[in-house]
Amino acid sequence: MTSSLPATGSGGVQGGRPAGAGEPLLQVTDLHTEIRRAGKLVRAVDGVSLTVGQGESLGLVGESGCGKTMTALSVLRLLPPGGVITSGRVTMAGLDLTAMAETDLERVRGGQIGMVFQDPASSLNPTMTIGDQVAEAVLLHRGNDRRAALERAVQTLRLVKMPEPERVAAQFPHHLSGGMRQRAMIAIALACEPRLLIADEPTTALDVTVQREILELIDELRHRLGMAVILVTHDLGVIAGRTDRIAVMYGGRIVETAATATVLGRPRHPYTEALMRALPELAATGSGRLASIPGLPPDLTEPAGGCRFAARCEHAREYCASRVPELDGDHPGHSYACFFPVAQAADGSAPWLNQLSTANGHPPAAAAVPQQPPVLQVQGLTKHFAVTRGALLARRVGSVSAVDDVSFEIAAGQTFGLVGESGCGKSTVARLIAGVAQPDAGSILFRGADLNQLTGRDLRGQRAGIQLMFQDAYGSLDPRMRAASILREPLLIHNSGRKRAHRRTVARLLDEVGLPPDTADRFARQLSGGQRQRLALARALILQPRLIIADEPVSALDVSVQAQILNLMRKLQRQYGLSYLFISHDLSVVRYMADVIGVMYLGKLVELGPAHEIAASPSHPYTRGLIDAIPAVLTGKDGARPAISGEPPSPTNPPSGCRFRTRCPRAEQICAEQEPPLVPAAGRTGRLTACHFPLPPVPPGGTVQVTANTE
């Protein structure tokens with residue numbers, strides 16, 4: 001960037017508040033925002049007050065619908081149609097944004113306050129190059145000529161560590177990966193050196209490795225530029241170790257706020273405690289099911305007559321339903337809105353968190369899976385996609401190595417977790433097994449029958465035993481059909497049972513997945529994200545399959561809803577004897593669900609073995625990097641720096657030898673010359689690893705650091 005930027009470290013924070021802070025940079029006072037929709041009045045923000053100091057980072061956390069995004073949008077007055085701020089004030093460096101004329105406010109947006117929106121794919125203009133979109137903000141706020149603005153755009157792209165910024169500036173959004181698009185969004189927000197950056201769910205559905213890179217980037221830029229940051233998220237792991245303070249929102253209100261370490265280590269509001277209990281990280285260190293929050297968030301169209309969390313709170317009493325708790329507490333630095341706060345131990349810590357912490361670092365006992373014949377056997381599975389050039393006479397100019405010689409099996413009643421970054425081939429494996437695509441080589445045996453050799457009715461009958469759960473439940477459900485029709489459709493296609501029995505089957509399945517009976521008459525758009533995923537699970541179960549392929553089924557869900565879906569899947573697995581192929585980029589989720597884990601990188605399996613052993617002591621550096629990239633809420637920090645950095649190589653031209661070598665800190669010359677086979681790992685029973693220099697086993701309770709190979 002230019003020399004006008006502050007030196008590295010300026011505006012740093014000390015003790016959870018910015019060094020030398022006086023008046024807060026941003027102050028929100030008793031803010032009320034309402035949205036009128038379809039004749040209903042939604043009280044989206046109901047009396048929110050918060051402050052952010054210069055150089056400070058505030059985490060705004062809560063479930064979907066709690067009001068956190070609407071609070072952020074209210075600061076900039078970027079409300080949806082029907083939205084209006086009815087009372088309260090928002091001041092930025094002494095300027096009243098709520099009373100400011102729209103023309104004056106336009107100079108603040110982008111100039112003084114930058115905004116990173118949740119979905120860069122829909123927020124970026126598909127018809128403009130990345131450079132033009134970054135330069136647009138410079139032209140608007142600084143009046144530079146186009147050439148100077150484009151130079152500034154390249155400088156900003158370089159600041160956010162965009163690889164080859166000059167080349168990327170000339171590309172369109174569809175040319176970029178998810179992580180690169182998010183960096184472009186951050187560059188647009190930072191182009192005019194704002195004093196405050198608001199990042200709304202900047203890492204939702206991103207790989208854990210990309211997520212960590214984006215969070216580290218925001219944190220580094222905050223300290224380098226001395227700007228304040230509001231990080232809006234539903235994931236407590238995202239803000240652990242990344243923010244100075246946390247404000248927890250529920251029902252349009254802030255229910256708890258304090259320093260980040262205080263909230264995560266000693267939560268006082270039952271809602272905050274419930275969010276933490278639902279984290280897969282905590283369940284993975286214990287032995288039971290994930291804790292989940294019963295019920296649904298409150299209807300914000302109804303006036304509050306008491307504590308809005310009372311209906312879902314295990315500590316609630318009759319008193320809570322009729323009185324609204326004030327945001328105060330027994331310590332000036334820790335406020336919470338609760339009449340009956342969570343108890344604390346004598347040393348001031350949370351007893352339940354201490355119990356879980358004692359188990360941290362020790363893997364849970366392996367699930368007892370009866371020895372059964374494999375329900376699925378995949379041998380040498382290979383799939384390459386042609387790369388063509390030319391609109392009319394397309395000619396092949398290369399191929400994408402999506403899946404390359406992948407082999408594994410899934411026993412009856414077992415969950416096989418397939419993990420890896422986006423583009424590693426996980427979803428292609430799923431489509432090949434489900435019959436959506438045909439393999440170039442290899443075999444797929446389902447209950448002993450080779451699916452590639454079957455045709456007609458035999459193939460159709462076997463395919464009914466394999467069902468899919470897609471990542472985007474809303475996109476996979478027909479918006480024109482009601483839930484009952486969505487569930488009946490597979491029965492009609494496969495001529496399964498009599499039509500008059502379908503109604504009973506639909507009603508039974510809705511009940512088993514935890515949906516009310518009236519869901520049968522509702523459209524997918526009328527359901528919440530968690531309800532849509534339950535409906536997708538019911539549809540997968542309708543034909544009584546033996547294997548369900550779940551492709552990223554919880555990646556975009558709130559942590560509380562995620563816990564409900566994962567618990568439901570495990571319950572139905574026991575009830576029906578199901579097998580799962582569970583696909584995810586998040587090892588914290590997979591290690592909770594899976595009995596066996598397979599790790600993929602650029603079309604290859606690089607590690608395979610029991611889930612609890614791989615999570616506790618990985619042997620491949622790539623697996624170690626995936627684990628290190630998982631945000632750690634218990635410790636409040638990320639731990640060792642991950643072994644994975646940079647973008648994955650192009651699958652059209654994968655590296656010679658080991659495909660991970662270009663990102664591996666242990667790589668040697670042999671790694672470029674010879675491809676390591678997937679063979680039994682020395683000293684590890686039941687483990688396969690494709691690495692010339694595998695990591696040593698980790699002793700119980702110990703950790704391993706991935707360093708450059710010195711052998």
# chains A, B, ... in the order shown; residues from 1 in each chain; ligands from 1
$ residues_around --residues "A:Leu608" --least-positions-apart "3" --cutoff "7 Å" --atoms "only C-alpha atoms" --output "mmCIF file with C-alpha atoms, in the first residue's frame"
data_model
loop_
_atom_site.group_PDB
_atom_site.id
_atom_site.type_symbol
_atom_site.label_atom_id
_atom_site.label_comp_id
_atom_site.auth_asym_id
_atom_site.auth_seq_id
_atom_site.Cartn_x
_atom_site.Cartn_y
_atom_site.Cartn_z
ATOM 1 C CA ILE A 597 -11.671 -41.358 8.085
ATOM 2 C CA GLY A 598 -10.213 -41.055 4.600
ATOM 3 C CA VAL A 599 -8.271 -37.880 3.794
ATOM 4 C CA ARG A 687 -3.507 -47.074 9.269
ATOM 5 C CA LEU A 688 -2.588 -46.350 5.648
ATOM 6 C CA THR A 689 -0.480 -43.335 4.659
#
$ residues_around --residues "A:Leu578" --least-positions-apart "2" --cutoff "12 Å" --atoms "only C-alpha atoms" --output "tab-separated table (two decimals) with all heavy atoms, in the first residue's frame"
chain	number	residue	atom	x	y	z
A	369	VAL	N	-18.29	-51.16	16.49
A	369	VAL	CA	-19.00	-51.46	15.26
A	369	VAL	C	-18.89	-52.96	15.00
A	369	VAL	O	-17.80	-53.48	14.83
A	369	VAL	CB	-18.41	-50.68	14.06
A	369	VAL	CG1	-19.17	-51.01	12.79
A	369	VAL	CG2	-18.43	-49.20	14.35
A	375	VAL	N	-20.84	-52.94	3.08
A	375	VAL	CA	-22.02	-52.58	2.29
A	375	VAL	C	-21.58	-51.91	1.00
A	375	VAL	O	-22.27	-51.96	-0.01
A	375	VAL	CB	-22.97	-51.67	3.10
A	375	VAL	CG1	-22.36	-50.30	3.34
A	375	VAL	CG2	-24.31	-51.53	2.41
A	376	LEU	N	-20.36	-51.30	1.03
A	376	LEU	CA	-19.83	-50.64	-0.16
A	376	LEU	C	-18.33	-50.92	-0.25
A	376	LEU	O	-17.60	-50.80	0.73
A	376	LEU	CB	-20.06	-49.13	-0.09
A	376	LEU	CG	-19.52	-48.32	-1.28
A	376	LEU	CD1	-20.43	-48.50	-2.50
A	376	LEU	CD2	-19.41	-46.84	-0.93
A	410	ILE	N	-16.91	-49.48	3.18
A	410	ILE	CA	-17.76	-49.05	4.31
A	410	ILE	C	-18.53	-50.27	4.79
A	410	ILE	O	-19.25	-50.91	4.01
A	410	ILE	CB	-18.73	-47.93	3.89
A	410	ILE	CG1	-17.98	-46.76	3.27
A	410	ILE	CG2	-19.55	-47.46	5.09
A	410	ILE	CD1	-18.89	-45.65	2.75
A	411	ALA	N	-18.40	-50.60	6.06
A	411	ALA	CA	-19.10	-51.73	6.64
A	411	ALA	C	-20.55	-51.35	6.96
A	411	ALA	O	-20.89	-50.17	7.07
A	411	ALA	CB	-18.40	-52.22	7.90
A	412	ALA	N	-21.39	-52.34	7.12
A	412	ALA	CA	-22.78	-52.10	7.48
A	412	ALA	C	-22.85	-51.41	8.84
A	412	ALA	O	-22.16	-51.81	9.79
A	412	ALA	CB	-23.55	-53.42	7.51
A	413	GLY	N	-23.64	-50.37	8.94
A	413	GLY	CA	-23.80	-49.64	10.19
A	413	GLY	C	-22.64	-48.71	10.52
A	413	GLY	O	-22.59	-48.15	11.62
A	414	GLN	N	-21.72	-48.51	9.59
A	414	GLN	CA	-20.52	-47.72	9.84
A	414	GLN	C	-20.61	-46.37	9.13
A	414	GLN	O	-21.29	-46.22	8.12
A	414	GLN	CB	-19.29	-48.49	9.33
A	414	GLN	CG	-17.95	-47.86	9.66
A	414	GLN	CD	-16.80	-48.66	9.04
A	414	GLN	OE1	-16.68	-48.75	7.82
A	414	GLN	NE2	-15.97	-49.25	9.89
A	415	THR	N	-19.91	-45.38	9.68
A	415	THR	CA	-19.78	-44.08	9.04
A	415	THR	C	-18.35	-43.89	8.57
A	415	THR	O	-17.42	-43.99	9.36
A	415	THR	CB	-20.16	-42.94	10.01
A	415	THR	OG1	-21.52	-43.07	10.39
A	415	THR	CG2	-19.96	-41.58	9.33
A	416	PHE	N	-18.22	-43.64	7.27
A	416	PHE	CA	-16.91	-43.37	6.67
A	416	PHE	C	-16.85	-41.87	6.39
A	416	PHE	O	-17.65	-41.33	5.63
A	416	PHE	CB	-16.73	-44.16	5.38
A	416	PHE	CG	-15.37	-44.01	4.74
A	416	PHE	CD1	-14.34	-44.89	5.06
A	416	PHE	CD2	-15.11	-42.99	3.84
A	416	PHE	CE1	-13.09	-44.76	4.48
A	416	PHE	CE2	-13.86	-42.85	3.25
A	416	PHE	CZ	-12.84	-43.74	3.58
A	465	GLY	N	-31.02	-48.24	-3.05
A	465	GLY	CA	-30.41	-48.46	-1.75
A	465	GLY	C	-29.34	-47.45	-1.39
A	465	GLY	O	-28.78	-47.50	-0.30
A	466	ILE	N	-29.02	-46.54	-2.33
A	466	ILE	CA	-28.04	-45.48	-2.09
A	466	ILE	C	-28.73	-44.14	-2.30
A	466	ILE	O	-29.25	-43.87	-3.39
A	466	ILE	CB	-26.83	-45.59	-3.05
A	466	ILE	CG1	-26.16	-46.96	-2.93
A	466	ILE	CG2	-25.82	-44.48	-2.78
A	466	ILE	CD1	-25.05	-47.18	-3.93
A	467	GLN	N	-28.76	-43.30	-1.28
A	467	GLN	CA	-29.44	-42.01	-1.37
A	467	GLN	C	-28.49	-40.88	-0.99
A	467	GLN	O	-27.51	-41.09	-0.26
A	467	GLN	CB	-30.67	-41.99	-0.47
A	467	GLN	CG	-31.76	-42.96	-0.90
A	467	GLN	CD	-32.34	-42.63	-2.26
A	467	GLN	OE1	-32.67	-41.49	-2.55
A	467	GLN	NE2	-32.45	-43.65	-3.12
A	540	ALA	N	-34.12	-38.74	1.90
A	540	ALA	CA	-33.10	-39.77	1.70
A	540	ALA	C	-33.52	-41.09	2.33
A	540	ALA	O	-33.12	-42.16	1.86
A	540	ALA	CB	-31.77	-39.31	2.27
A	541	LEU	N	-34.33	-41.04	3.39
A	541	LEU	CA	-34.74	-42.26	4.10
A	541	LEU	C	-35.98	-42.92	3.52
A	541	LEU	O	-36.29	-44.07	3.88
A	541	LEU	CB	-35.01	-41.92	5.58
A	541	LEU	CG	-33.81	-41.59	6.46
A	541	LEU	CD1	-34.27	-41.04	7.79
A	541	LEU	CD2	-32.95	-42.83	6.67
A	544	GLN	N	-35.93	-46.49	2.28
A	544	GLN	CA	-35.26	-47.42	3.19
A	544	GLN	C	-33.89	-47.85	2.64
A	544	GLN	O	-33.63	-49.04	2.44
A	544	GLN	CB	-36.14	-48.64	3.43
A	544	GLN	CG	-37.49	-48.31	4.05
A	544	GLN	CD	-38.36	-49.54	4.27
A	544	GLN	OE1	-38.01	-50.64	3.88
A	544	GLN	NE2	-39.49	-49.32	4.92
A	545	PRO	N	-33.00	-46.90	2.40
A	545	PRO	CA	-31.69	-47.24	1.83
A	545	PRO	C	-30.79	-47.90	2.86
A	545	PRO	O	-31.04	-47.85	4.06
A	545	PRO	CB	-31.14	-45.87	1.41
A	545	PRO	CG	-31.71	-44.94	2.43
A	545	PRO	CD	-33.11	-45.46	2.70
A	546	ARG	N	-29.70	-48.50	2.37
A	546	ARG	CA	-28.67	-49.05	3.25
A	546	ARG	C	-27.51	-48.08	3.41
A	546	ARG	O	-26.76	-48.14	4.37
A	546	ARG	CB	-28.14	-50.38	2.71
A	546	ARG	CG	-29.21	-51.43	2.43
A	546	ARG	CD	-30.19	-51.61	3.57
A	546	ARG	NE	-29.54	-51.88	4.84
A	546	ARG	CZ	-30.11	-51.71	6.03
A	546	ARG	NH1	-31.34	-51.21	6.11
A	546	ARG	NH2	-29.46	-52.01	7.13
A	547	LEU	N	-27.34	-47.17	2.42
A	547	LEU	CA	-26.22	-46.23	2.44
A	547	LEU	C	-26.74	-44.83	2.11
A	547	LEU	O	-27.46	-44.66	1.12
A	547	LEU	CB	-25.15	-46.64	1.42
A	547	LEU	CG	-24.00	-45.65	1.19
A	547	LEU	CD1	-23.13	-45.53	2.44
A	547	LEU	CD2	-23.15	-46.06	-0.02
A	548	ILE	N	-26.38	-43.85	2.94
A	548	ILE	CA	-26.70	-42.45	2.66
A	548	ILE	C	-25.39	-41.70	2.48
A	548	ILE	O	-24.49	-41.77	3.32
A	548	ILE	CB	-27.53	-41.82	3.78
A	548	ILE	CG1	-28.94	-42.41	3.79
A	548	ILE	CG2	-27.61	-40.30	3.62
A	548	ILE	CD1	-29.85	-41.83	4.86
A	549	ILE	N	-25.28	-40.99	1.36
A	549	ILE	CA	-24.12	-40.14	1.09
A	549	ILE	C	-24.50	-38.72	1.50
A	549	ILE	O	-25.36	-38.10	0.89
A	549	ILE	CB	-23.73	-40.19	-0.39
A	549	ILE	CG1	-23.44	-41.64	-0.82
A	549	ILE	CG2	-22.54	-39.29	-0.66
A	549	ILE	CD1	-23.23	-41.80	-2.31
A	569	MET	N	-28.86	-37.71	12.83
A	569	MET	CA	-28.28	-38.68	11.90
A	569	MET	C	-27.75	-39.90	12.64
A	569	MET	O	-27.91	-41.05	12.18
A	569	MET	CB	-27.18	-38.01	11.08
A	569	MET	CG	-27.67	-36.98	10.08
A	569	MET	SD	-26.34	-36.22	9.11
A	569	MET	CE	-25.81	-37.62	8.12
A	570	ARG	N	-27.12	-39.69	13.79
A	570	ARG	CA	-26.60	-40.82	14.56
A	570	ARG	C	-27.74	-41.66	15.14
A	570	ARG	O	-27.66	-42.89	15.16
A	570	ARG	CB	-25.69	-40.32	15.67
A	570	ARG	CG	-24.39	-39.71	15.14
A	570	ARG	CD	-23.44	-39.31	16.24
A	570	ARG	NE	-22.91	-40.47	16.96
A	570	ARG	CZ	-21.89	-40.42	17.80
A	570	ARG	NH1	-21.27	-39.27	18.01
A	570	ARG	NH2	-21.47	-41.48	18.42
A	571	LYS	N	-28.80	-41.01	15.58
A	571	LYS	CA	-29.96	-41.74	16.12
A	571	LYS	C	-30.59	-42.61	15.04
A	571	LYS	O	-30.88	-43.80	15.26
A	571	LYS	CB	-30.97	-40.74	16.66
A	571	LYS	CG	-32.31	-41.36	17.03
A	571	LYS	CD	-33.38	-40.30	17.22
A	571	LYS	CE	-34.76	-40.93	17.28
A	571	LYS	NZ	-35.84	-39.94	17.27
A	572	LEU	N	-30.82	-42.05	13.84
A	572	LEU	CA	-31.43	-42.82	12.76
A	572	LEU	C	-30.50	-43.91	12.25
A	572	LEU	O	-30.97	-44.95	11.79
A	572	LEU	CB	-31.82	-41.87	11.63
A	572	LEU	CG	-32.93	-40.87	11.97
A	572	LEU	CD1	-33.12	-39.88	10.84
A	572	LEU	CD2	-34.24	-41.60	12.26
A	573	GLN	N	-29.20	-43.70	12.35
A	573	GLN	CA	-28.25	-44.74	11.97
A	573	GLN	C	-28.42	-45.97	12.85
A	573	GLN	O	-28.45	-47.11	12.36
A	573	GLN	CB	-26.82	-44.22	12.06
A	573	GLN	CG	-25.77	-45.24	11.65
A	573	GLN	CD	-24.37	-44.66	11.68
A	573	GLN	OE1	-24.04	-43.87	12.56
A	573	GLN	NE2	-23.54	-45.04	10.73
A	574	ARG	N	-28.53	-45.74	14.16
A	574	ARG	CA	-28.74	-46.87	15.07
A	574	ARG	C	-30.11	-47.51	14.84
A	574	ARG	O	-30.24	-48.74	14.92
A	574	ARG	CB	-28.61	-46.39	16.51
A	574	ARG	CG	-27.21	-45.95	16.91
A	574	ARG	CD	-27.11	-45.71	18.40
A	574	ARG	NE	-27.97	-44.61	18.83
A	574	ARG	CZ	-27.57	-43.34	18.91
A	574	ARG	NH1	-26.33	-43.02	18.58
A	574	ARG	NH2	-28.39	-42.41	19.33
A	575	GLN	N	-31.12	-46.70	14.56
A	575	GLN	CA	-32.48	-47.21	14.41
A	575	GLN	C	-32.63	-48.08	13.17
A	575	GLN	O	-33.30	-49.11	13.20
A	575	GLN	CB	-33.45	-46.03	14.34
A	575	GLN	CG	-34.91	-46.42	14.21
A	575	GLN	CD	-35.81	-45.19	14.26
A	575	GLN	OE1	-35.46	-44.16	14.83
A	575	GLN	NE2	-36.99	-45.30	13.67
A	576	TYR	N	-32.00	-47.67	12.06
A	576	TYR	CA	-32.18	-48.37	10.79
A	576	TYR	C	-30.96	-49.17	10.35
A	576	TYR	O	-31.00	-49.81	9.30
A	576	TYR	CB	-32.51	-47.35	9.69
A	576	TYR	CG	-33.89	-46.74	9.81
A	576	TYR	CD1	-34.06	-45.43	10.24
A	576	TYR	CD2	-35.03	-47.49	9.49
A	576	TYR	CE1	-35.32	-44.87	10.34
A	576	TYR	CE2	-36.29	-46.94	9.59
A	576	TYR	CZ	-36.43	-45.63	10.02
A	576	TYR	OH	-37.69	-45.09	10.12
A	580	TYR	N	-23.16	-44.52	6.48
A	580	TYR	CA	-23.02	-43.16	5.95
A	580	TYR	C	-21.67	-43.01	5.27
A	580	TYR	O	-20.64	-43.46	5.79
A	580	TYR	CB	-23.09	-42.11	7.08
A	580	TYR	CG	-24.44	-41.88	7.69
A	580	TYR	CD1	-24.59	-41.90	9.08
A	580	TYR	CD2	-25.56	-41.61	6.92
A	580	TYR	CE1	-25.82	-41.66	9.68
A	580	TYR	CE2	-26.80	-41.38	7.50
A	580	TYR	CZ	-26.93	-41.41	8.88
A	580	TYR	OH	-28.15	-41.18	9.46
A	581	LEU	N	-21.69	-42.32	4.13
A	581	LEU	CA	-20.48	-41.72	3.59
A	581	LEU	C	-20.61	-40.23	3.89
A	581	LEU	O	-21.39	-39.53	3.25
A	581	LEU	CB	-20.35	-41.97	2.08
A	581	LEU	CG	-19.20	-41.24	1.37
A	581	LEU	CD1	-17.86	-41.57	1.99
A	581	LEU	CD2	-19.20	-41.54	-0.12
A	582	PHE	N	-19.90	-39.77	4.91
A	582	PHE	CA	-20.05	-38.40	5.41
A	582	PHE	C	-18.90	-37.55	4.88
A	582	PHE	O	-17.74	-37.76	5.23
A	582	PHE	CB	-20.05	-38.40	6.94
A	582	PHE	CG	-20.51	-37.11	7.55
A	582	PHE	CD1	-21.82	-36.93	7.92
A	582	PHE	CD2	-19.61	-36.06	7.75
A	582	PHE	CE1	-22.25	-35.74	8.49
A	582	PHE	CE2	-20.03	-34.87	8.30
A	582	PHE	CZ	-21.36	-34.71	8.68
$ atom_distance --atom1 "atom CA of A:Glu647" --atom2 "atom CA of A:Glu552"
21.0 Å
$ select_by_dssp --residues "stretch 151-378 of chain A" --states "strand (DSSP E)" --output "number ranges by chain"
A: 196-200, 228-233, 245-250, 253-259, 328-331, 334-336, 374-378
$ residues_around --residues "stretch 33-38 of chain A" --least-positions-apart "3" --cutoff "9 Å" --atoms "only C-alpha atoms" --output "compact mmCIF listing (two decimals) with all heavy atoms, in the first residue's frame"
# COMPACT_ATOMS: atom_id res chain seq x y z
N LEU A 41 -44.75 -6.95 11.37
CA LEU A 41 -43.68 -6.08 11.83
C LEU A 41 -42.64 -6.91 12.57
O LEU A 41 -42.93 -7.48 13.64
CB LEU A 41 -44.24 -4.99 12.75
CG LEU A 41 -43.27 -3.86 13.11
CD1 LEU A 41 -42.90 -3.06 11.86
CD2 LEU A 41 -43.88 -2.95 14.16
N VAL A 42 -41.44 -7.02 12.01
CA VAL A 42 -40.35 -7.79 12.61
C VAL A 42 -39.47 -6.84 13.41
O VAL A 42 -38.89 -5.91 12.85
CB VAL A 42 -39.51 -8.52 11.54
CG1 VAL A 42 -38.39 -9.32 12.20
CG2 VAL A 42 -40.39 -9.42 10.70
N ARG A 43 -39.37 -7.07 14.71
CA ARG A 43 -38.49 -6.25 15.57
C ARG A 43 -37.10 -6.87 15.57
O ARG A 43 -36.70 -7.57 16.50
CB ARG A 43 -39.07 -6.17 16.98
CG ARG A 43 -40.45 -5.50 17.01
CD ARG A 43 -41.14 -5.67 18.34
NE ARG A 43 -42.43 -5.00 18.37
CZ ARG A 43 -43.57 -5.52 17.88
NH1 ARG A 43 -43.55 -6.73 17.33
NH2 ARG A 43 -44.69 -4.85 17.95
N ALA A 44 -36.36 -6.60 14.49
CA ALA A 44 -35.09 -7.29 14.24
C ALA A 44 -34.01 -6.89 15.23
O ALA A 44 -33.19 -7.72 15.63
CB ALA A 44 -34.62 -7.02 12.81
N VAL A 45 -33.96 -5.61 15.60
CA VAL A 45 -32.99 -5.11 16.57
C VAL A 45 -33.78 -4.39 17.65
O VAL A 45 -34.52 -3.45 17.37
CB VAL A 45 -31.96 -4.15 15.92
CG1 VAL A 45 -30.95 -3.67 16.95
CG2 VAL A 45 -31.26 -4.84 14.75
N ASP A 46 -33.62 -4.84 18.90
CA ASP A 46 -34.51 -4.38 19.97
C ASP A 46 -33.69 -3.85 21.15
O ASP A 46 -33.47 -4.54 22.14
CB ASP A 46 -35.40 -5.54 20.41
CG ASP A 46 -36.54 -5.09 21.33
OD1 ASP A 46 -36.71 -3.88 21.52
OD2 ASP A 46 -37.26 -5.97 21.83
N GLY A 47 -33.21 -2.61 21.01
CA GLY A 47 -32.52 -1.97 22.12
C GLY A 47 -31.07 -2.37 22.28
O GLY A 47 -30.60 -2.59 23.40
N MET A 70 -28.51 -7.77 11.06
CA MET A 70 -29.33 -6.56 10.96
C MET A 70 -28.74 -5.43 11.78
O MET A 70 -28.85 -4.26 11.41
CB MET A 70 -30.76 -6.87 11.40
CG MET A 70 -31.80 -5.94 10.78
SD MET A 70 -31.75 -5.93 8.97
CE MET A 70 -32.10 -7.64 8.60
N THR A 71 -28.08 -5.75 12.89
CA THR A 71 -27.38 -4.72 13.67
C THR A 71 -26.25 -4.12 12.85
O THR A 71 -26.07 -2.90 12.81
CB THR A 71 -26.83 -5.32 14.98
OG1 THR A 71 -27.92 -5.81 15.77
CG2 THR A 71 -26.06 -4.29 15.77
N SER A 74 -27.63 -1.97 10.14
CA SER A 74 -28.20 -0.74 10.67
C SER A 74 -27.14 0.32 10.87
O SER A 74 -27.42 1.52 10.74
CB SER A 74 -28.91 -1.02 12.00
OG SER A 74 -30.01 -1.90 11.82
N LEU A 79 -30.44 -1.20 5.07
CA LEU A 79 -31.51 -2.10 5.47
C LEU A 79 -32.28 -2.63 4.27
O LEU A 79 -32.36 -1.96 3.23
CB LEU A 79 -32.46 -1.37 6.43
CG LEU A 79 -31.82 -0.91 7.74
CD1 LEU A 79 -32.79 -0.03 8.53
CD2 LEU A 79 -31.37 -2.10 8.57
N PRO A 80 -32.87 -3.82 4.39
CA PRO A 80 -33.68 -4.37 3.28
C PRO A 80 -34.96 -3.57 3.11
O PRO A 80 -35.31 -2.74 3.96
CB PRO A 80 -33.96 -5.81 3.76
CG PRO A 80 -33.88 -5.75 5.24
CD PRO A 80 -32.83 -4.73 5.56
N PRO A 81 -35.68 -3.80 2.00
CA PRO A 81 -36.96 -3.09 1.81
C PRO A 81 -37.89 -3.28 3.01
O PRO A 81 -38.05 -4.39 3.52
CB PRO A 81 -37.53 -3.75 0.55
CG PRO A 81 -36.33 -4.26 -0.19
CD PRO A 81 -35.35 -4.67 0.87
N GLY A 82 -38.47 -2.19 3.46
CA GLY A 82 -39.35 -2.24 4.63
C GLY A 82 -38.64 -2.02 5.94
O GLY A 82 -39.29 -1.92 6.99
N GLY A 83 -37.31 -1.94 5.91
CA GLY A 83 -36.54 -1.76 7.14
C GLY A 83 -36.35 -0.30 7.48
O GLY A 83 -36.11 0.53 6.60
N VAL A 84 -36.42 0.01 8.77
CA VAL A 84 -36.24 1.39 9.23
C VAL A 84 -35.73 1.39 10.67
O VAL A 84 -36.10 0.52 11.47
CB VAL A 84 -37.57 2.18 9.13
CG1 VAL A 84 -38.64 1.56 10.02
CG2 VAL A 84 -37.36 3.64 9.48
N ILE A 85 -34.83 2.33 10.97
CA ILE A 85 -34.39 2.54 12.35
C ILE A 85 -35.43 3.42 13.03
O ILE A 85 -35.63 4.57 12.63
CB ILE A 85 -33.00 3.20 12.38
CG1 ILE A 85 -31.96 2.26 11.76
CG2 ILE A 85 -32.59 3.54 13.82
CD1 ILE A 85 -30.58 2.88 11.63
N THR A 86 -36.10 2.89 14.03
CA THR A 86 -37.19 3.63 14.68
C THR A 86 -36.71 4.50 15.83
O THR A 86 -37.34 5.52 16.13
CB THR A 86 -38.27 2.66 15.17
OG1 THR A 86 -37.67 1.71 16.09
CG2 THR A 86 -38.90 1.90 14.01
N SER A 87 -35.63 4.11 16.48
CA SER A 87 -35.09 4.92 17.57
C SER A 87 -33.66 4.48 17.86
O SER A 87 -33.21 3.44 17.39
CB SER A 87 -35.95 4.79 18.83
OG SER A 87 -35.94 3.47 19.33
N GLY A 88 -32.97 5.30 18.65
CA GLY A 88 -31.59 5.02 18.99
C GLY A 88 -30.63 5.82 18.13
O GLY A 88 -31.02 6.50 17.18
$ atom_distance --atom1 "atom CA of A:His502" --atom2 "atom CA of A:Ala483"
12.8 Å
$ closest_residue --among "A:Arg508, A:Arg152, A:Lys161, A:Arg534" --to "A:Leu557" --atoms "only C-alpha atoms"
A:Arg534
$ atom_distance --atom1 "atom CA of A:Leu97" --atom2 "atom CA of A:Ile246"
23.2 Å
